[in-house]
Structures are given as C-alpha cells and as structure tokens.
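Undergrad: So that you have it, the file is data_23.tsv, and it contains TSV, C-alpha atoms:
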chain	number	residue	atom	x	y	z
A	1	MET	CA	0.00	0.00	0.00
A	2	ALA	CA	1.51	3.33	-1.04
A	3	SER	CA	0.71	6.46	0.95
A	4	LEU	CA	1.49	10.09	0.17
A	5	GLN	CA	0.86	12.96	2.58
A	6	LEU	CA	1.01	16.57	1.42
A	7	THR	CA	0.59	19.59	3.67
A	8	CYS	CA	0.36	23.29	2.95
A	9	SER	CA	4.09	23.70	3.65
A	10	SER	CA	4.88	21.43	0.69
A	11	ILE	CA	2.50	23.10	-1.75
A	12	SER	CA	3.63	26.22	-3.56
A	13	THR	CA	1.04	29.00	-3.74
A	14	LYS	CA	3.09	31.16	-6.07
A	15	GLY	CA	1.00	32.40	-8.93
A	16	LEU	CA	-2.33	31.61	-7.31
A	17	PRO	CA	-4.86	34.47	-7.26
A	18	SER	CA	-5.84	36.10	-3.95
A	19	PHE	CA	-9.17	37.70	-3.17
A	20	GLN	CA	-9.85	40.52	-0.76
A	21	GLY	CA	-11.68	39.26	2.31
A	22	LEU	CA	-11.01	35.60	1.62
A	23	ARG	CA	-8.07	33.51	2.69
A	24	GLN	CA	-7.37	29.82	2.53
A	25	SER	CA	-6.86	27.94	5.78
A	26	SER	CA	-4.60	24.90	6.05
A	27	VAL	CA	-4.79	22.41	3.21
A	28	SER	CA	-4.27	18.69	3.78
A	29	LEU	CA	-4.13	16.17	0.96
A	30	SER	CA	-4.04	12.46	1.63
A	31	VAL	CA	-3.49	10.03	-1.22
A	32	VAL	CA	-3.83	6.33	-0.49
A	33	ALA	CA	-3.55	3.85	-3.34
A	34	PRO	CA	-2.50	0.26	-3.84
A	35	SER	CA	1.21	-0.11	-4.57
A	36	ARG	CA	0.51	-2.12	-7.71
A	37	VAL	CA	0.39	-0.43	-11.09
A	38	GLY	CA	-3.04	-0.08	-12.65
A	39	PHE	CA	-4.97	0.47	-9.41
A	40	ASP	CA	-8.68	1.15	-9.54
A	41	GLN	CA	-9.45	4.81	-10.29
A	42	ARG	CA	-12.38	4.77	-7.86
A	43	THR	CA	-9.99	3.74	-5.08
A	44	LEU	CA	-7.79	6.73	-5.85
A	45	ARG	CA	-10.75	9.09	-6.01
A	46	ARG	CA	-11.98	7.91	-2.63
A	47	GLY	CA	-8.47	8.05	-1.19
A	48	LEU	CA	-7.81	11.61	-2.34
A	49	VAL	CA	-9.41	13.98	0.12
A	50	VAL	CA	-8.88	17.73	-0.02
A	51	ARG	CA	-10.22	19.81	2.83
A	52	ALA	CA	-9.61	23.55	2.62
A	53	ALA	CA	-12.09	25.78	4.43
A	54	THR	CA	-12.32	29.26	2.93
A	55	VAL	CA	-12.40	31.88	5.67
A	56	VAL	CA	-14.80	34.74	4.96
A	57	ALA	CA	-13.58	38.00	6.55
A	58	PRO	CA	-15.80	39.49	9.31
A	59	LYS	CA	-16.55	42.58	7.22
A	60	TYR	CA	-18.85	40.42	5.05
A	61	THR	CA	-22.10	39.89	6.92
A	62	SER	CA	-24.12	37.77	4.49
A	63	ILE	CA	-23.71	35.17	1.75
A	64	LYS	CA	-26.26	34.88	-1.07
A	65	PRO	CA	-26.01	31.60	-3.01
A	66	LEU	CA	-26.50	31.82	-6.77
A	67	GLY	CA	-28.35	29.50	-9.13
A	68	ASP	CA	-29.12	26.10	-7.65
A	69	ARG	CA	-26.69	26.47	-4.75
A	70	VAL	CA	-27.57	26.20	-1.07
A	71	LEU	CA	-25.76	27.46	2.04
A	72	VAL	CA	-25.86	25.06	4.98
A	73	LYS	CA	-24.75	25.69	8.55
A	74	ILE	CA	-22.93	22.47	9.45
A	75	LYS	CA	-24.15	20.52	12.44
A	76	THR	CA	-21.74	20.54	15.38
A	77	VAL	CA	-19.59	17.42	15.75
A	78	GLU	CA	-20.72	15.14	18.58
A	79	GLU	CA	-18.17	15.32	21.39
A	80	LYS	CA	-19.69	12.51	23.47
A	81	THR	CA	-21.15	9.09	22.84
A	82	VAL	CA	-24.76	8.25	23.70
A	83	GLY	CA	-23.45	6.88	26.98
A	84	GLY	CA	-21.73	10.16	27.81
A	85	ILE	CA	-18.14	9.09	27.06
A	86	LEU	CA	-15.99	11.99	25.84
A	87	LEU	CA	-14.64	11.34	22.35
A	88	PRO	CA	-11.12	12.37	21.25
A	89	SER	CA	-11.03	14.55	18.14
A	90	THR	CA	-9.74	11.63	16.04
A	91	ALA	CA	-12.82	9.56	16.93
A	92	GLN	CA	-15.40	12.25	16.24
A	93	THR	CA	-17.39	11.62	13.08
A	94	LYS	CA	-17.44	14.54	10.68
A	95	PRO	CA	-21.10	15.51	10.24
A	96	GLN	CA	-22.80	15.33	6.84
A	97	GLY	CA	-25.77	17.45	7.74
A	98	GLY	CA	-26.96	20.80	8.93
A	99	GLU	CA	-29.51	23.59	8.60
A	100	VAL	CA	-30.24	25.38	5.33
A	101	VAL	CA	-29.68	29.10	5.98
A	102	ALA	CA	-29.82	30.51	2.43
A	103	ILE	CA	-30.83	29.31	-1.04
A	104	GLY	CA	-30.30	30.44	-4.62
A	105	GLU	CA	-32.94	31.44	-7.10
A	106	GLY	CA	-33.08	28.00	-8.72
A	107	LYS	CA	-32.21	26.84	-12.21
A	108	THR	CA	-33.69	26.81	-15.70
A	109	ILE	CA	-34.31	23.57	-17.58
A	110	GLY	CA	-35.24	24.30	-21.18
A	111	LYS	CA	-37.80	27.07	-20.82
A	112	THR	CA	-38.92	26.02	-17.35
A	113	LYS	CA	-37.80	27.79	-14.18
A	114	VAL	CA	-37.28	25.27	-11.37
A	115	ASP	CA	-37.12	26.48	-7.77
A	116	ILE	CA	-34.87	24.99	-5.09
A	117	SER	CA	-36.69	22.04	-3.50
A	118	VAL	CA	-35.55	22.84	0.06
A	119	LYS	CA	-36.44	25.86	2.17
A	120	THR	CA	-34.43	27.81	4.71
A	121	GLY	CA	-34.63	26.20	8.12
A	122	ALA	CA	-34.76	22.65	6.73
A	123	GLN	CA	-32.45	20.06	8.28
A	124	ILE	CA	-30.67	18.23	5.47
A	125	VAL	CA	-28.08	15.54	4.81
A	126	TYR	CA	-25.54	16.08	2.04
A	127	SER	CA	-23.05	13.96	0.13
A	128	LYS	CA	-19.79	13.35	1.97
A	129	TYR	CA	-17.44	14.84	-0.64
A	130	ALA	CA	-19.69	17.65	-1.92
A	131	GLY	CA	-19.49	21.41	-1.73
A	132	THR	CA	-17.10	24.09	-0.52
A	133	GLU	CA	-16.54	24.50	3.21
A	134	LEU	CA	-16.61	28.04	4.59
A	135	GLU	CA	-15.73	29.56	7.94
A	136	PHE	CA	-18.27	32.34	8.23
A	137	ASN	CA	-19.58	34.37	11.15
A	138	GLY	CA	-17.92	32.10	13.69
A	139	SER	CA	-19.42	28.87	12.34
A	140	ASN	CA	-18.62	26.27	9.70
A	141	HIS	CA	-20.84	26.31	6.62
A	142	MET	CA	-21.08	24.29	3.42
A	143	LEU	CA	-21.91	25.86	0.06
A	144	LEU	CA	-23.17	23.15	-2.27
A	145	LYS	CA	-25.44	22.43	-5.21
A	146	GLU	CA	-28.98	21.25	-4.64
A	147	ASP	CA	-28.13	17.97	-6.38
A	148	ASP	CA	-25.57	17.26	-3.64
A	149	ILE	CA	-28.34	17.17	-1.01
A	150	VAL	CA	-29.16	13.56	-0.20
A	151	GLY	CA	-32.38	14.22	1.69
A	152	ILE	CA	-34.34	16.12	4.32
A	153	LEU	CA	-34.27	15.02	7.96
A	154	GLU	CA	-37.78	15.23	9.40
A	155	THR	CA	-36.61	13.75	12.75
A	156	GLU	CA	-33.25	13.22	14.43
A	157	ASP	CA	-33.11	9.64	13.10
A	158	ILE	CA	-31.64	8.90	9.67
A	159	LYS	CA	-34.22	6.16	9.04
A	160	ASP	CA	-36.88	8.89	8.75
A	161	MET	CA	-34.97	10.80	6.08
A	162	LYS	CA	-36.91	11.94	3.01
A	163	PRO	CA	-34.68	11.39	-0.07
A	164	LEU	CA	-34.50	14.09	-2.75
A	165	ASN	CA	-34.10	13.93	-6.53
A	166	ASP	CA	-32.92	10.46	-7.64
A	167	ARG	CA	-31.76	9.29	-4.21
A	168	VAL	CA	-32.86	6.04	-2.56
A	169	LEU	CA	-32.65	5.21	1.16
A	170	ILE	CA	-31.90	1.55	1.85
A	171	LYS	CA	-31.78	-0.42	5.10
A	172	VAL	CA	-28.71	-2.62	4.72
A	173	ALA	CA	-29.17	-6.36	5.23
A	174	GLU	CA	-27.30	-7.86	8.14
A	175	ALA	CA	-24.00	-9.56	7.34
A	176	GLU	CA	-23.92	-13.36	7.34
A	177	GLU	CA	-22.96	-14.76	10.74
A	178	LYS	CA	-21.77	-18.13	9.38
A	179	THR	CA	-20.09	-19.55	6.30
A	180	ALA	CA	-21.89	-22.01	4.01
A	181	GLY	CA	-20.19	-24.78	6.00
A	182	GLY	CA	-21.56	-23.49	9.30
A	183	LEU	CA	-18.42	-21.82	10.67
A	184	LEU	CA	-18.97	-18.69	12.74
A	185	LEU	CA	-17.48	-15.55	11.23
A	186	THR	CA	-15.62	-12.93	13.25
A	187	GLU	CA	-16.64	-9.28	12.84
A	188	ALA	CA	-13.52	-8.63	10.74
A	189	ALA	CA	-14.29	-11.55	8.43
A	190	LYS	CA	-17.89	-10.59	7.77
A	191	GLU	CA	-18.27	-9.20	4.27
A	192	LYS	CA	-20.19	-5.96	4.00
A	193	PRO	CA	-23.45	-6.81	2.22
A	194	SER	CA	-24.56	-5.00	-0.93
A	195	ILE	CA	-28.18	-6.01	-0.43
A	196	GLY	CA	-30.90	-4.16	1.41
A	197	LYS	CA	-34.52	-3.11	1.57
A	198	VAL	CA	-35.66	0.19	0.09
A	199	VAL	CA	-37.39	2.27	2.77
A	200	ALA	CA	-37.83	5.56	0.88
A	201	VAL	CA	-37.27	7.00	-2.59
A	202	GLY	CA	-36.97	10.49	-3.99
A	203	PRO	CA	-39.35	12.01	-6.56
A	204	GLY	CA	-36.90	11.22	-9.37
A	205	PRO	CA	-34.64	13.26	-11.67
A	206	LEU	CA	-36.08	16.12	-13.71
A	207	ASP	CA	-36.87	15.67	-17.39
A	208	GLU	CA	-36.34	18.28	-20.13
A	209	GLU	CA	-39.50	20.09	-19.06
A	210	GLY	CA	-38.56	20.21	-15.40
A	211	ASN	CA	-40.95	17.45	-14.30
A	212	PRO	CA	-39.74	14.58	-12.06
A	213	LYS	CA	-39.41	11.15	-13.67
A	214	PRO	CA	-40.49	8.35	-11.28
A	215	LEU	CA	-37.77	5.93	-10.23
A	216	THR	CA	-37.80	2.28	-11.28
A	217	VAL	CA	-37.52	1.08	-7.66
A	218	SER	CA	-40.01	1.65	-4.88
A	219	SER	CA	-40.32	1.30	-1.12
A	220	GLY	CA	-40.36	-2.33	-0.03
A	221	ASN	CA	-38.13	-3.62	-2.85
A	222	THR	CA	-35.15	-5.76	-1.87
A	223	VAL	CA	-32.30	-4.62	-4.08
A	224	LEU	CA	-28.70	-5.31	-5.00
A	225	TYR	CA	-26.60	-2.16	-5.19
A	226	SER	CA	-23.06	-1.15	-6.12
A	227	LYS	CA	-20.62	-1.90	-3.30
A	228	TYR	CA	-18.75	1.41	-3.44
A	229	ALA	CA	-21.69	3.77	-3.97
A	230	GLY	CA	-23.54	6.15	-1.70
A	231	ASN	CA	-23.25	7.46	1.84
A	232	ASP	CA	-23.40	5.17	4.88
A	233	PHE	CA	-25.35	6.04	8.04
A	234	LYS	CA	-26.28	4.38	11.31
A	235	SER	CA	-29.72	4.91	12.86
A	236	ALA	CA	-30.49	5.50	16.52
A	237	ASP	CA	-31.30	1.80	16.99
A	238	GLY	CA	-27.92	0.75	15.54
A	239	CYS	CA	-29.14	-0.41	12.11
A	240	ASP	CA	-27.10	0.42	9.02
A	241	TYR	CA	-28.54	2.50	6.18
A	242	ILE	CA	-27.16	3.71	2.89
A	243	ALA	CA	-28.39	6.56	0.67
A	244	LEU	CA	-27.42	6.36	-2.99
A	245	ARG	CA	-28.53	7.32	-6.48
A	246	ALA	CA	-31.08	5.10	-8.19
A	247	THR	CA	-28.54	4.43	-10.96
A	248	ASP	CA	-26.36	2.64	-8.38
A	249	VAL	CA	-29.14	0.08	-7.78
A	250	MET	CA	-28.27	-2.85	-10.04
A	251	ALA	CA	-31.18	-5.27	-9.55
A	252	VAL	CA	-34.40	-6.02	-7.68
A	253	LEU	CA	-34.35	-9.34	-5.83
A	254	SER	CA	-37.31	-11.62	-5.19
A	255	SER	CA	-37.78	-15.00	-3.54
As a first step, turn the structure in this file into structure tokens.
TA:
Amino acid sequence: MASLQLTCSSISTKGLPSFQGLRQSSVSLSVVAPSRVGFDQRTLRRGLVVRAATVVAPKYTSIKPLGDRVLVKIKTVEEKTVGGILLPSTAQTKPQGGEVVAIGEGKTIGKTKVDISVKTGAQIVYSKYAGTELEFNGSNHMLLKEDDIVGILETEDIKDMKPLNDRVLIKVAEAEEKTAGGLLLTEAAKEKPSIGKVVAVGPGPLDEEGNPKPLTVSSGNTVLYSKYAGNDFKSADGCDYIALRATDVMAVLSS
C-alpha cells in the first residue's frame, strides 16, 4: 500500500490568485492507493481527500447563493457518545448534515424555471465529498449544489430521512454470521453486504420540461446495489442505512 501525505508547507502557492476578504486555511491532501500499477481509479478518487475551508472576513455579513446552490450551517460534531463518554477529536465523526440558511434562485431547464426544493430552516443531509466548506460568522458552513443534497431530515433519526431527486434510502441487510459450511465468522471476516430493503425513494430526476421522472424502484423492494456507492449512516437503533442514487441500484431481488 503506497501512501502520500502533502501539507500546505509542501505546496507552492506562487501564482495563485488572492481575493480581498477571503483567505485559505490549512490544506491537507491524503493520497492512499495500492502499490501495484493499474490500481482502480475509484480507489484513488476515494483516497484523495482535499479539505480547505475558505475563511470569509468578518466585514462580510451575508452570503447569497447563486443559481441552484444552497448554504448550509454544518451541524456541530458530537463530542460525546450516547453513553456520555468523551470522544477524542480523532474519533469524532465529521457531520454530513446541517440547517439550510440561504438558497439560490433555482435553475432553468429548457424554458422552465425550477425552484430549489428545500427551504431555509430545513435540516438536510448532504453527500460526503460535496461542496465548498466556509468559515463564516464564527461557524462552519457548506456551500453546495442542490443535487448534492441527499435528503431532508424530518426527525433526528436517519431512518426517517426523506430522499430528494434520484436518491434512494436503503436499510442494509445484516451480514452473514456463518459460512456455508456453518463456521462462525468474526466481525472482521464478515463481508459488508450489498443487499438491502428500500425504505424511501426520492421524486426522481427532472426531465427536459422540469418534471420529475419516477424511479424504477419503490419502497419495499429488496435490491442489489453497487458496493462502493452512496453514503453510509447508522440509525439510533444501531441499524445500518445507505443513501445512494437510483442508478447505483443494479437489480431487484425476489424469492
């Protein structure tokens, strides 16, 4: 396994433009890829993570998103477990959700004007690698496109999420406890399943006239999905869920 770590001290900023009121905070790049030649491009894409929060100077008091962009105030990272145990910073899960605080005017598809499907005040979940992170007014924000929003949280539990656009929420099937020969599997040996039950679907992608096209899967379907797709979540009762695009669902299973 080859690993490459780059920090801001090793990256030259000569020749890069600067903007009044904006400055880049520390940049950390982490590249992890198999040592063999011809590694999977998806592995590299998932191993390359760039996090650079743009700091907005205090003299700017508001941000107005343009087009189909949305400004989200990021939810605070949990510092304790449910049992009250204090978590070190390395163990804290980076949140993928927050409150919508500003929206753009929408987008135009053909001759149809389409408004943003979320409103200010909505609690949403967004894709893990989406958007531009901002430090604004003393809080962390995310500026992202509407299509990067996975769904709307109507309660504190992810299992109640309402998917948007072409997203599908799936309850992941439990991993097999035994081999075909009856041997018990350890937690490390259990293969992550790519099968689950659809619990909610979005309205579908928009057609050329701005109308949603219904998805080919529906709630209650047991489906087989791409192993490396989507965003993983855990509900309050400990069950695993995954939210992904309908195009990442490969088949509907039946018995």
Undergrad: Given the choices A:Lys59, A:Ile242, A:Thr54, A:Leu144, which gets closest to Ala229 of chain A if the distance is worked out from only C-alpha atoms?
TA: A:Ile242
Undergrad: Centre and edge lengths, as lines of an AutoDock Vina configuration file, for the axis-aligned box enclosing every listed atom of segment 150-159 of chain A with 8 Å of padding on each of the six sides, in Å to one decimal?
TA:
center_x = -33.5
center_y = 11.1
center_z = 7.1
size_x = 24.6
size_y = 26.0
size_z = 30.6
Undergrad: With only C-alpha atoms as the counted atoms, please give the residues lying no more than 9 Å from segment 230-236 of chain A, apart from itself and same-chain residues fewer than 5 positions off, as a list in words.
TA: Tyr126, Ser127, Lys128, Val150, Glu156, Asp157, Ile158, Lys159, Tyr241, Ile242, Ala243, Leu244, Arg245 and Asp248 of chain A
Undergrad: Those same residues, written as a JSON list (two decimals), in the frame of the given file with C-alpha atoms?
TA:
[["chain", "number", "residue", "atom", "x", "y", "z"],
["A", 126, "TYR", "CA", -25.54, 16.08, 2.04],
["A", 127, "SER", "CA", -23.05, 13.96, 0.13],
["A", 128, "LYS", "CA", -19.79, 13.35, 1.97],
["A", 150, "VAL", "CA", -29.16, 13.56, -0.20],
["A", 156, "GLU", "CA", -33.25, 13.22, 14.43],
["A", 157, "ASP", "CA", -33.11, 9.64, 13.10],
["A", 158, "ILE", "CA", -31.64, 8.90, 9.67],
["A", 159, "LYS", "CA", -34.22, 6.16, 9.04],
["A", 241, "TYR", "CA", -28.54, 2.50, 6.18],
["A", 242, "ILE", "CA", -27.16, 3.71, 2.89],
["A", 243, "ALA", "CA", -28.39, 6.56, 0.67],
["A", 244, "LEU", "CA", -27.42, 6.36, -2.99],
["A", 245, "ARG", "CA", -28.53, 7.32, -6.48],
["A", 248, "ASP", "CA", -26.36, 2.64, -8.38]]
Undergrad: When you count all atoms listed in the file, which of these residues is closest to Ala102 of chain A: A:Thr132, A:Ser62, A:Asn211, A:Asn137?
TA: A:Ser62
Undergrad: Every residue with an atom at most 6 Å from (-31.9, -7.3, 0.6) (file coordinates; all atoms listed in the file) is what I'm after, so could you write them as a list in words?
TA: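 So the residues meeting the distance criterion are Ala173, Ile195, Gly196, Lys197, Thr222 and Val223 of chain A.
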Undergrad: May I ask for the distance between atom CA of Lys73 of chain A and atom CA of Pro58 of chain A, given in Å to one decimal place?
TA: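 Here the two named atoms are 16.5 Å from each other.
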